[in-house]
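K.L.:
Have a look at the structure that comes next, please.
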Amino acid sequence: MHIFKELDFQHTPLGEISLRKRSEPRLDDILIYEVKMNEEFLMSSLFVEAELQLAHLGLAELEGEHLDVIVGGLGLGYTAFAALENQKVTSLKVIDVMQPVIDWHKRELVPMGVELNADERCELVLGDFFALSTADSNGFGEANNDQKVHAVLLDIDHTPDFWLTQSNHSFYSQEGLSAMADKILPGGIFALWSDDLPDERFIQLLDSVFDSTIAHVVTFPNPYTQSESSNSVYVARKV
């Protein structure tokens with residue numbers, strides 16, 4: 001039986017956003033969760049490998065037993081979920097600018113909502129990641145103004161030069177990245193998801209702020225094309 005449900009629809013400062021659950025008849029009616037904004041598809045639970053690898057690859061670079069982690073962008077919750085799989089993570093703060101997205105998880109309308117709500121290490125925070133990451137403070141947000149973190153995992157924009165909103169562009173500069181890097185502890189990392197393959201210009205930009213950068217190509221099966229698709233995960237380390 002074909003299933004299609006719009007689980008939520010909201011007007012936000014960034015536009016109209018909707019959460020849908022549907023079966024996919026081309027793939028034996030598996031259930032898929034999708035997010036659309038202004039008629040553009042933002043994310044799908046069918047393609048989450050790169051979101052998982054953002055956390056796995058980023059946190060794999062860290063040493064120590066008690067890690068404080070920031071996730072920029074909640075989405076469908078897969079990056080946060082993957083970060084919490086790492087038992088070294090002591091605290092996980094997920095910052096998202098859209099209240100409806102946070103509500104989906106708190107109401108457990110999305111698959112990862114149950115897991116994130118059940119984990120006491122996880123905090124979902126309404127806020128502008130880009131404003132918080134470049135603010136004149138040591139940490140992220142009023143309650144954490146003086147607390148630096150071990151890792152920042154970012155999955156908001158499509159690529160470093162294809163932004164969800166035009167106002168995000170200033171973050172992807174030496175000044176913006178340096179302000180964010182000041183909130184990361186020595187030995188910590190900044191990891192970023194991108195829908196494109198690695199961009200040498202962006203690697204050079206990261207290298208101008210951090211001490212080393214690795215760009216990973218994450219491949220995953222695409223059942224629609226019967227081939228593989230690819231995303232990128234950049235991991236920049238601060239010595």
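Ligands are numbered from 1 in the order shown, chains are lettered A, B, ... in the order of the structure tokens, and residues start at 1 in each chain.
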With range 177-193 of chain A as the partner and 8 Å as the cut-off, tabulate the residues of range 121-171 of chain A that qualify, each row holding the nearest pair of atoms and their distance in Å to one decimal, using only C-alpha atoms, sorted by chain and rising number, as a Markdown table.
P.N.:
| residue | atom | partner | partner_atom | distance |
| --- | --- | --- | --- | --- |
| A:Ser133 | CA | A:Met180 | CA | 4.9 |
| A:Thr134 | CA | A:Ala179 | CA | 4.9 |
| A:Ala135 | CA | A:Ala179 | CA | 7.4 |
| A:Asp136 | CA | A:Ala179 | CA | 7.9 |
| A:Ser137 | CA | A:Lys183 | CA | 7.8 |
| A:Asn138 | CA | A:Lys183 | CA | 5.1 |
| A:Gly139 | CA | A:Lys183 | CA | 5.4 |
| A:Phe140 | CA | A:Lys183 | CA | 7.7 |
| A:Gln147 | CA | A:Lys183 | CA | 7.8 |
| A:Lys148 | CA | A:Lys183 | CA | 4.9 |
| A:Val149 | CA | A:Ile184 | CA | 5.0 |
| A:His150 | CA | A:Gly188 | CA | 4.5 |
| A:Ala151 | CA | A:Ile189 | CA | 4.9 |
| A:Val152 | CA | A:Phe190 | CA | 4.8 |
| A:Leu153 | CA | A:Ala191 | CA | 4.9 |
| A:Leu154 | CA | A:Leu192 | CA | 4.8 |
| A:Asp155 | CA | A:Trp193 | CA | 5.3 |
| A:Thr159 | CA | A:Trp193 | CA | 7.5 |
| A:Phe171 | CA | A:Leu177 | CA | 6.1 |
K.L.:
As a list of chain:residue names, please: every residue in range 67-151 of chain A that a backbone DSSP assignment puts in strand (DSSP E).
P.N.:
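Here are the strand (DSSP E) residues of range 67-151 of chain A: A:Leu67, A:Asp68, A:Val69, A:Ile70, A:Val71, A:Gly72, A:Val89, A:Thr90, A:Ser91, A:Leu92, A:Lys93, A:Val94, A:Ile95, A:Asp96, A:Cys122, A:Glu123, A:Leu124, A:Val125, A:Leu126, A:Val149, A:His150, A:Ala151.
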K.L.:
With the cut-off set at 12 Å and counting only C-alpha atoms, tabulate each residue of range 82-112 of chain A with an atom at most that distance from an atom of range 58-69 of chain A, showing the nearest atom pair and its distance in Å to one decimal, ordered by chain and increasing number, as JSON lines.
P.N.:
{"residue": "A:Ala82", "atom": "CA", "partner": "A:Leu59", "partner_atom": "CA", "distance": 9.8}
{"residue": "A:Ala83", "atom": "CA", "partner": "A:Leu59", "partner_atom": "CA", "distance": 7.5}
{"residue": "A:Leu84", "atom": "CA", "partner": "A:Val69", "partner_atom": "CA", "distance": 9.7}
{"residue": "A:Glu85", "atom": "CA", "partner": "A:Leu59", "partner_atom": "CA", "distance": 10.5}
{"residue": "A:Asn86", "atom": "CA", "partner": "A:Leu59", "partner_atom": "CA", "distance": 7.9}
{"residue": "A:Gln87", "atom": "CA", "partner": "A:Glu65", "partner_atom": "CA", "distance": 8.4}
{"residue": "A:Lys88", "atom": "CA", "partner": "A:Glu65", "partner_atom": "CA", "distance": 5.0}
{"residue": "A:Val89", "atom": "CA", "partner": "A:Leu67", "partner_atom": "CA", "distance": 4.5}
{"residue": "A:Thr90", "atom": "CA", "partner": "A:Leu67", "partner_atom": "CA", "distance": 5.3}
{"residue": "A:Ser91", "atom": "CA", "partner": "A:Asp68", "partner_atom": "CA", "distance": 4.9}
{"residue": "A:Leu92", "atom": "CA", "partner": "A:Val69", "partner_atom": "CA", "distance": 4.9}
{"residue": "A:Lys93", "atom": "CA", "partner": "A:Val69", "partner_atom": "CA", "distance": 6.4}
{"residue": "A:Val94", "atom": "CA", "partner": "A:Val69", "partner_atom": "CA", "distance": 8.5}
{"residue": "A:Ile95", "atom": "CA", "partner": "A:Val69", "partner_atom": "CA", "distance": 10.9}
K.L.:
Given the selection you just returned, output its residues as a file containing C-alpha atoms, formatted as an mmCIF file, in the first residue's frame.
P.N.:
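selection-v7.cif, written as the output of this step:
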data_model
loop_
_atom_site.group_PDB
_atom_site.id
_atom_site.type_symbol
_atom_site.label_atom_id
_atom_site.label_comp_id
_atom_site.auth_asym_id
_atom_site.auth_seq_id
_atom_site.Cartn_x
_atom_site.Cartn_y
_atom_site.Cartn_z
ATOM 1 C CA ALA A 82 26.237 8.980 14.987
ATOM 2 C CA ALA A 83 28.111 11.280 17.371
ATOM 3 C CA LEU A 84 26.287 9.789 20.353
ATOM 4 C CA GLU A 85 27.389 6.315 19.255
ATOM 5 C CA ASN A 86 30.855 7.416 20.360
ATOM 6 C CA GLN A 87 30.949 6.671 24.073
ATOM 7 C CA LYS A 88 33.733 9.214 24.570
ATOM 8 C CA VAL A 89 31.253 12.007 23.891
ATOM 9 C CA THR A 90 30.270 13.572 27.194
ATOM 10 C CA SER A 91 28.054 16.335 25.876
ATOM 11 C CA LEU A 92 26.457 17.012 22.500
ATOM 12 C CA LYS A 93 24.869 20.366 21.732
ATOM 13 C CA VAL A 94 22.908 20.502 18.472
ATOM 14 C CA ILE A 95 22.164 24.010 17.204
#
K.L.:
One decimal, in Å: what's the spacing between CA of Leu31 in chain A and CA of Lys5 in chain A?
P.N.:
10.8 Å
K.L.:
Quick check for you: according to DSSP on this backbone, which residues of range 7-225 of chain A are classed as helix (DSSP H, G or I)? Reply as an NGL selection string.
P.N.:
:A and (25-27 or 49-60 or 78-84 or 99-106 or 113-118 or 129-133 or 142-144 or 166-171 or 174-181 or 200-209)
K.L.:
Mind checking which residues fall within 6 Å of Phe210 in chain A, counting only C-alpha atoms, ignoring those fewer than 2 positions away in the same chain, and posting them as a ChimeraX atom specification?
P.N.:
/A:206-207,212,237-238
K.L.:
Can I get the residues of range 62-87 of chain A within 9 Å of range 116-122 of chain A, each with the closest pair of atoms and their distance in Å to one decimal, using only C-alpha atoms, sorted chain first then ascending number, as CSV?
P.N.:
residue,atom,partner,partner_atom,distance
A:Gly77,CA,A:Leu116,CA,7.8
A:Ala80,CA,A:Leu116,CA,7.6
A:Phe81,CA,A:Leu116,CA,6.6
A:Leu84,CA,A:Cys122,CA,7.9
K.L.:
Could you please take those selected residues and save C-alpha atoms as a CSV table (one decimal), in the first residue's frame?
P.N.:
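In the end it all went to again_20.csv:
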chain,number,residue,atom,x,y,z
A,77,GLY,CA,19.2,13.8,13.4
A,80,ALA,CA,23.8,13.8,16.1
A,81,PHE,CA,22.9,10.1,16.4
A,84,LEU,CA,26.3,9.8,20.4
K.L.:
Under the rule that only C-alpha atoms are counted, which of A:Val235, A:Leu164, A:Ala55, A:Ile17 is the nearest residue to Met37 in chain A?
P.N.:
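Answer, going by the shortest atom-to-atom distance: A:Ile17.
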K.L.:
Ranking A:Ser230, A:Asp8, A:Val239, A:Gln174 by minimum distance to Leu205 in chain A and counting only C-alpha atoms, which one comes first?
P.N.:
A:Gln174
K.L.:
Could you check the closest approach to Ile156 in chain A for each of A:Arg26, A:His11, A:His216, A:His169 and tell me which residue wins, using only C-alpha atoms?
P.N.:
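Once distances to Ile156 in chain A are computed over only C-alpha atoms, the minimum belongs to A:His169.
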K.L.:
Do you know which residues are at most 9 Å from Gly75 in chain A counting only C-alpha atoms, after dropping those on the same chain fewer than 6 positions away, and could you put them as number ranges by chain?
P.N.:
A: 35, 42-43, 96, 101-102, 155-156
K.L.:
Generate the output file for the selected residues, C-alpha atoms, as an mmCIF file, in the first residue's frame.
P.N.:
data_model
loop_
_atom_site.group_PDB
_atom_site.id
_atom_site.type_symbol
_atom_site.label_atom_id
_atom_site.label_comp_id
_atom_site.auth_asym_id
_atom_site.auth_seq_id
_atom_site.Cartn_x
_atom_site.Cartn_y
_atom_site.Cartn_z
ATOM 1 C CA VAL A 35 12.235 17.542 4.322
ATOM 2 C CA LEU A 42 16.652 19.439 1.599
ATOM 3 C CA MET A 43 17.186 15.944 2.928
ATOM 4 C CA ASP A 96 19.406 24.590 14.662
ATOM 5 C CA VAL A 101 12.940 20.908 13.090
ATOM 6 C CA ILE A 102 13.660 20.746 16.814
ATOM 7 C CA ASP A 155 25.913 20.178 8.110
ATOM 8 C CA ILE A 156 23.767 23.155 7.123
#
K.L.:
Just checking: using only C-alpha atoms, which residue out of A:Asp196, A:Glu108, A:Glu34, A:Asp211 ends up closest to Asp157 in chain A?
P.N.:
A:Asp196
K.L.:
What does the distance from CA of Leu19 in chain A to CA of Ser170 in chain A come to in Å, to one decimal?
P.N.:
28.9 Å
K.L.:
Go through range 192-228 of chain A and flag each residue having an atom no more than 12 Å from range 46-51 of chain A; for those, report the closest pair of atoms plus their distance in Å to one decimal, using only C-alpha atoms, ordered by chain and rising number, as CSV.
P.N.:
residue,atom,partner,partner_atom,distance
A:Leu192,CA,A:Glu51,CA,9.6
A:Trp193,CA,A:Glu51,CA,7.1
A:Ser194,CA,A:Ala50,CA,8.7
A:Asp195,CA,A:Ala50,CA,8.9
A:Asp196,CA,A:Ala50,CA,11.3
A:Leu197,CA,A:Ala50,CA,11.8
A:His216,CA,A:Ala50,CA,9.9
A:Val217,CA,A:Ala50,CA,8.9
A:Val218,CA,A:Ala50,CA,6.0
A:Thr219,CA,A:Ala50,CA,7.8
A:Phe220,CA,A:Glu49,CA,6.6
A:Pro221,CA,A:Phe47,CA,8.6
A:Asn222,CA,A:Phe47,CA,8.0
A:Pro223,CA,A:Leu46,CA,9.3
A:Tyr224,CA,A:Leu46,CA,10.6
A:Glu228,CA,A:Phe47,CA,11.2
K.L.:
Quick one: distance from CA of Ser167 in chain A to CA of Gly113 in chain A in Å, one decimal?
P.N.:
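That distance, rounded to one decimal, is 28.8 Å.
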K.L.:
So that I can see what lies close to Leu14 in chain A, please list as JSON, numbers by chain the residues with an atom at most 8 Å from it, counting only C-alpha atoms and leaving out residues fewer than 2 positions away in the same chain.
P.N.:
{"A": [12, 16, 165]}
